[in-house]
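Following: one structure in structure tokens, then a few remarks.
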Amino acid sequence: MLEVGGILSWIHEALSSSCPEWLTLLIEYVLIGVGFLALYALIALILILLERKVCAYYQCRLGPMRAGFWGLLQPFADMIKILMKEIIPLLKNDKFLFFTALFLVIIGSLCTFGALQFSKDLIGIDFNVGVFYVLAISSLGVLGILLAGWSSNNKYTMIGAMRAGAQLVSYELSSGLSLLTIVILGGTMQLSGLIEAQSETWFLFQSPFTWIAMIIYLIAGHAETNRGPFDLPEAESELTAGYHIEYSGITFGLFYVGEYVNMFTIAGIGTMVFLGGWQPFHINAEWAAGFNGVMDMIPTWLWFFAKAFGLVMLSLWVRWSFPRLRIDQLLHLEWKILMPISLLNMLLMALWVAYF
Amino acid sequence: MIKYIKDLFSGIYALLQGMYITNLNFWRPKVTEQYPEDRQTARQFERFRGELVFDMNDQNEHKCIACGLCARNCPNQSLEVITKSITTEDGKTKKVLDKFLYDLGSCTFCSLCTQSCAQKAIKWTNNFEHAVFNRSALVKQLNPEGSKAIERKPTVAAPKAAPAAGQNENQQ
Ligand code: SF4
Ligand code: SF4
């Protein structure tokens, strides 16, 4: 099979046969950390290219075509360009908070990314309160954004940060509630446990209320990435770029990368919680045994990435379809529509679990 | 409450309609031209104003009567009509065109000149590759050396000059 677990256990055995235990653990931790960082950067590059291409296709353009075949090397060129740019120091701002904000955003994004379970045996973090961990650590980004806007000593960044704060704090509620709806259905908070509970059928097909939860989660998650119709904190036309105006060079690049990977992380969590994570698609019936066998042949990491990128495509589709909301419309959507519906949905899901 | 639910579903329906439209656009053929590669096949609209040229016939003759209307109508003084006097066989002195200078660098492609020319002596071509290394290379002489105006009988020429300026824009 094309699984990666074999390679991982081979590395483990090779290391532990030649090193003492503490050194093995140390090397493995470093390897995992480096691996995660590499994957993080790689996914950011893929997403940047995907975004530019898909955006162009929605506008009847071709997008980047020059760098490499079909523009495939474009994100690398962008990366080199942004690495060579100067980091412009500001005169009257809070230097310490200015750079702390950047790292808060990146750490929040990277730690949430670490909770994704890429395949059967490519799992970074697996707590017994995994869902709780994801909800908690992804809120770290809000703090970073608020600090970034505050410490830049600029009115535009300030307005952008305030909007981002209002938006992220509100939308976290309904995304959290829809995740909790699934926790009721799955009966566990551990992400691997939730995925295990979907080995027969995905949660999406286990209850009609999962559909509502998933739609609400996708809308709220989309809003949490500050993109699409919810890009008020950045609002190029009115705030130039929102909270990261004063960041230049790679400091801006890190915000940019963080935003893109957040999009993937949201899609990944949605995949794990609603679409069965790395579980292949199974039809739960006698006659479908052959079909299920074929589905099992596809490596589990491919399942995960295919589903996650499918959700990413959905988010891009939404982003390039709808005009930006006003701030009052944004809060109306959250507090008067999504929030009551997700509370009601949670109640109905509890009844469903209790009586079916 | 009923209005709330109705609004919710009509909103979702409208959003889905929007997504349907953008999805149609996603699969549509793309309009981007890959310029240097498809130089031979690049499409141009006929009305595209690339560069001003004289409407020459195959005997190396143009229609310009050196009236200077175009130069006077040009808002940027991009045109310069230099005339000379010649004596025809029957002894008359006549003003004819010596040089027609066109400064592409200061032209805004407003097309006022082609509209004001009663003889339709100047027209647009689609050539858009104007890059040169020196600004003086942008000043072009539109009447080729050795070309001359079409000989015309006075009786025939008078009604021909009649159509009002501006009616036939950009006649090719
Ligand atoms: S181009 Fe037309 S308007 Fe200009 S001088 Fe010649 S005839 Fe007159
Ligand atoms: S197009 Fe306009 S600017 Fe250009 S030469 Fe004619 S009148 Fe002048």
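Going through the structure tokens in order, the chains are called A, B, and so on, while each chain numbers its residues from 1 and the ligands are numbered from 1 in the order shown.
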Would you list the residues that come within 7 Å of ligand 2? Count only C-alpha atoms and all ligand atoms and give the answer as a VMD selection string.
chain B and resid 70 73 to 79 102 106 to 114
Given 12 Å and only C-alpha atoms and all ligand atoms, residues near ligand 1 as a VMD selection string
chain B and resid 52 to 56 62 to 74 78 to 83 95 to 102 111 to 123 142 to 143 148 to 150 161 165 to 166
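Residue nearest chain B, chosen from A:Ser9, A:Gln329, A:Gln279, A:Gln59 and counting only C-alpha atoms: A:Gln59.
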Using only C-alpha atoms, which residues sit within 6 Å of segment 267-278 of chain A once same-chain residues fewer than 4 positions away are excluded, as a PyMOL selection string?
chain A and resi 119+195+198+202-204+300+303-304+308+311-312
I need the chain A residues near chain B as a PyMOL selection string; criterion: at most 7 Å, counting only C-alpha atoms.
chain A and resi 57-62+318+321
Atom CA of Leu179 of chain A to atom CA of Val131 of chain A, straight-line distance in Å
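Between atom CA of Val131 of chain A and atom CA of Leu179 of chain A the gap is 7.5 Å.
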Selection near Glu172 of chain A, 8 Å with only C-alpha atoms, sequence-local residues under 5 positions removed, as a list of chain:residue names:
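Counting only C-alpha atoms, the residues come to A:Leu135, A:Ser139, A:Ala220, A:Gly221, A:Glu224.
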Would you return as a ChimeraX atom specification the members of chain B that DSSP assigns to alpha helix (DSSP H) on this structure's backbone?
/B:2-27,69-73,112-116,154-160
In Å, rounded to a single decimal, give me how far atom CA of Ala241 of chain A is from atom CA of Val257 of chain A.
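Atom CA of Val257 of chain A sits 15.1 Å away from atom CA of Ala241 of chain A.
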For Leu338 of chain A, find every residue with an atom within 9 Å (counting only C-alpha atoms), except residues of its own chain fewer than 5 positions away, and show them as number ranges by chain.
A: 171, 174, 216, 219-220, 332-333, 343
With a distance cut-off of 9 Å and only C-alpha atoms, select the neighbouring residues of Ile145 of chain A, excluding the residue or stretch itself and same-chain residues fewer than 5 positions from it, and output the selection as a PDB file with N, CA, C and O atoms, in the first residue's frame.
```
ATOM      1  N   ALA A 101       2.819  40.278  17.654  1.00  0.00           N
ATOM      2  CA  ALA A 101       1.545  40.050  16.978  1.00  0.00           C
ATOM      3  C   ALA A 101       1.734  39.073  15.829  1.00  0.00           C
ATOM      4  O   ALA A 101       0.976  38.119  15.658  1.00  0.00           O
ATOM      5  N   LEU A 102       2.794  39.298  15.071  1.00  0.00           N
ATOM      6  CA  LEU A 102       3.090  38.442  13.925  1.00  0.00           C
ATOM      7  C   LEU A 102       3.246  36.993  14.373  1.00  0.00           C
ATOM      8  O   LEU A 102       2.663  36.077  13.787  1.00  0.00           O
ATOM      9  N   LEU A 104       2.187  35.620  17.119  1.00  0.00           N
ATOM     10  CA  LEU A 104       0.942  35.058  17.656  1.00  0.00           C
ATOM     11  C   LEU A 104       0.098  34.503  16.513  1.00  0.00           C
ATOM     12  O   LEU A 104      -0.444  33.396  16.606  1.00  0.00           O
ATOM     13  N   VAL A 105      -0.001  35.281  15.431  1.00  0.00           N
ATOM     14  CA  VAL A 105      -0.816  34.822  14.306  1.00  0.00           C
ATOM     15  C   VAL A 105      -0.247  33.524  13.744  1.00  0.00           C
ATOM     16  O   VAL A 105      -0.970  32.549  13.515  1.00  0.00           O
ATOM     17  N   LEU A 140      -6.170  32.158  19.066  1.00  0.00           N
ATOM     18  CA  LEU A 140      -4.948  32.920  19.314  1.00  0.00           C
ATOM     19  C   LEU A 140      -4.723  33.941  18.208  1.00  0.00           C
ATOM     20  O   LEU A 140      -4.195  35.022  18.450  1.00  0.00           O
ATOM     21  N   TRP A 150      -3.198  47.387  16.626  1.00  0.00           N
ATOM     22  CA  TRP A 150      -2.962  48.374  17.677  1.00  0.00           C
ATOM     23  C   TRP A 150      -1.536  48.899  17.629  1.00  0.00           C
ATOM     24  O   TRP A 150      -1.311  50.107  17.708  1.00  0.00           O
ATOM     25  N   GLY A 160      -9.222  48.247  10.994  1.00  0.00           N
ATOM     26  CA  GLY A 160      -9.207  46.876  10.489  1.00  0.00           C
ATOM     27  C   GLY A 160      -9.173  45.877  11.622  1.00  0.00           C
ATOM     28  O   GLY A 160      -9.903  44.886  11.629  1.00  0.00           O
ATOM     29  N   ALA A 161      -8.328  46.160  12.628  1.00  0.00           N
ATOM     30  CA  ALA A 161      -8.206  45.220  13.739  1.00  0.00           C
ATOM     31  C   ALA A 161      -9.491  45.153  14.534  1.00  0.00           C
ATOM     32  O   ALA A 161      -9.914  44.075  14.966  1.00  0.00           O
ATOM     33  N   MET A 162     -10.156  46.306  14.718  1.00  0.00           N
ATOM     34  CA  MET A 162     -11.410  46.300  15.462  1.00  0.00           C
ATOM     35  C   MET A 162     -12.457  45.466  14.733  1.00  0.00           C
ATOM     36  O   MET A 162     -13.174  44.671  15.339  1.00  0.00           O
ATOM     37  N   ALA A 164     -11.856  43.090  12.627  1.00  0.00           N
ATOM     38  CA  ALA A 164     -11.458  41.689  12.678  1.00  0.00           C
ATOM     39  C   ALA A 164     -11.828  41.094  14.020  1.00  0.00           C
ATOM     40  O   ALA A 164     -12.342  39.975  14.096  1.00  0.00           O
ATOM     41  N   GLY A 165     -11.607  41.873  15.094  1.00  0.00           N
ATOM     42  CA  GLY A 165     -11.947  41.364  16.414  1.00  0.00           C
ATOM     43  C   GLY A 165     -13.426  41.050  16.508  1.00  0.00           C
ATOM     44  O   GLY A 165     -13.822  39.945  16.893  1.00  0.00           O
ATOM     45  N   TYR A 243      -5.342  45.407   8.938  1.00  0.00           N
ATOM     46  CA  TYR A 243      -4.415  45.372  10.070  1.00  0.00           C
ATOM     47  C   TYR A 243      -2.967  45.159   9.676  1.00  0.00           C
ATOM     48  O   TYR A 243      -2.085  45.356  10.476  1.00  0.00           O
ATOM     49  N   HIS A 244      -2.684  44.715   8.451  1.00  0.00           N
ATOM     50  CA  HIS A 244      -1.259  44.495   8.141  1.00  0.00           C
ATOM     51  C   HIS A 244      -0.672  45.513   7.167  1.00  0.00           C
ATOM     52  O   HIS A 244       0.290  45.226   6.478  1.00  0.00           O
TER      53      HIS A 244
END
```
Atom CA of Lys85 of chain A and atom CA of Phe99 of chain A are how many Å apart?
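Calculated distance between atom CA of Lys85 of chain A and atom CA of Phe99 of chain A is 16.8 Å.
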Expected answer as an NGL selection string: strand (DSSP E) residues in segment 14-170 of chain B:
:B and (51-54 or 61-62 or 79-87 or 93-103 or 122-125 or 139-141 or 148-149)
May I ask which of the residues A:Leu45, A:Ile337, A:Leu37, A:Met349 is the closest one to Phe9 of chain B, counting only C-alpha atoms?
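Ranking A:Leu45, A:Ile337, A:Leu37, A:Met349 by distance to Phe9 of chain B, first place goes to A:Ile337.
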Show me, as a ChimeraX atom specification, the residues that have an atom within 10 Å of Leu330 of chain A when counting only C-alpha atoms, minus same-chain residues fewer than 2 positions from it.
/A:166-167,170-171,223,229-230,232,324-328,332-335
Residue selection dump (N, CA and C atoms) as a PDB file, in the first residue's frame:
```
ATOM      1  N   ALA A 166     -14.262  42.025  16.096  1.00  0.00           N
ATOM      2  CA  ALA A 166     -15.701  41.816  16.179  1.00  0.00           C
ATOM      3  C   ALA A 166     -16.112  40.607  15.347  1.00  0.00           C
ATOM      4  N   GLN A 167     -15.538  40.508  14.173  1.00  0.00           N
ATOM      5  CA  GLN A 167     -15.933  39.435  13.251  1.00  0.00           C
ATOM      6  C   GLN A 167     -15.504  38.066  13.770  1.00  0.00           C
ATOM      7  N   SER A 170     -17.303  36.877  16.958  1.00  0.00           N
ATOM      8  CA  SER A 170     -18.689  36.433  16.755  1.00  0.00           C
ATOM      9  C   SER A 170     -18.753  35.121  15.999  1.00  0.00           C
ATOM     10  N   TYR A 171     -17.968  35.003  14.942  1.00  0.00           N
ATOM     11  CA  TYR A 171     -18.132  33.803  14.125  1.00  0.00           C
ATOM     12  C   TYR A 171     -17.561  32.560  14.774  1.00  0.00           C
ATOM     13  N   ALA A 223     -15.639  32.947   7.311  1.00  0.00           N
ATOM     14  CA  ALA A 223     -15.537  34.281   7.893  1.00  0.00           C
ATOM     15  C   ALA A 223     -14.311  34.385   8.774  1.00  0.00           C
ATOM     16  N   PRO A 229     -16.542  37.209   0.952  1.00  0.00           N
ATOM     17  CA  PRO A 229     -17.467  38.303   1.261  1.00  0.00           C
ATOM     18  C   PRO A 229     -17.264  38.845   2.665  1.00  0.00           C
ATOM     19  N   PHE A 230     -16.447  38.171   3.452  1.00  0.00           N
ATOM     20  CA  PHE A 230     -16.241  38.622   4.831  1.00  0.00           C
ATOM     21  C   PHE A 230     -14.882  39.295   5.011  1.00  0.00           C
ATOM     22  N   LEU A 232     -13.920  42.224   5.512  1.00  0.00           N
ATOM     23  CA  LEU A 232     -13.979  43.583   6.067  1.00  0.00           C
ATOM     24  C   LEU A 232     -12.691  44.039   6.734  1.00  0.00           C
ATOM     25  N   ARG A 324     -18.756  42.111  -0.934  1.00  0.00           N
ATOM     26  CA  ARG A 324     -18.429  42.214   0.479  1.00  0.00           C
ATOM     27  C   ARG A 324     -19.638  42.702   1.286  1.00  0.00           C
ATOM     28  N   LEU A 325     -19.771  42.159   2.492  1.00  0.00           N
ATOM     29  CA  LEU A 325     -20.852  42.587   3.388  1.00  0.00           C
ATOM     30  C   LEU A 325     -20.466  43.874   4.107  1.00  0.00           C
ATOM     31  N   ARG A 326     -21.478  44.587   4.584  1.00  0.00           N
ATOM     32  CA  ARG A 326     -21.220  45.712   5.470  1.00  0.00           C
ATOM     33  C   ARG A 326     -21.091  45.156   6.879  1.00  0.00           C
ATOM     34  N   ILE A 327     -20.484  45.958   7.788  1.00  0.00           N
ATOM     35  CA  ILE A 327     -20.211  45.400   9.116  1.00  0.00           C
ATOM     36  C   ILE A 327     -21.508  45.074   9.850  1.00  0.00           C
ATOM     37  N   ASP A 328     -22.567  45.898   9.646  1.00  0.00           N
ATOM     38  CA  ASP A 328     -23.811  45.588  10.357  1.00  0.00           C
ATOM     39  C   ASP A 328     -24.474  44.352   9.756  1.00  0.00           C
ATOM     40  N   HIS A 332     -25.302  41.017  11.737  1.00  0.00           N
ATOM     41  CA  HIS A 332     -26.678  40.537  11.643  1.00  0.00           C
ATOM     42  C   HIS A 332     -26.697  39.067  11.245  1.00  0.00           C
ATOM     43  N   LEU A 333     -25.895  38.744  10.223  1.00  0.00           N
ATOM     44  CA  LEU A 333     -25.845  37.364   9.744  1.00  0.00           C
ATOM     45  C   LEU A 333     -25.452  36.419  10.860  1.00  0.00           C
ATOM     46  N   GLU A 334     -24.457  36.837  11.658  1.00  0.00           N
ATOM     47  CA  GLU A 334     -23.999  35.937  12.705  1.00  0.00           C
ATOM     48  C   GLU A 334     -25.007  35.835  13.843  1.00  0.00           C
ATOM     49  N   TRP A 335     -25.369  37.008  14.421  1.00  0.00           N
ATOM     50  CA  TRP A 335     -26.105  36.956  15.682  1.00  0.00           C
ATOM     51  C   TRP A 335     -27.578  36.665  15.496  1.00  0.00           C
TER      52      TRP A 335
END
```
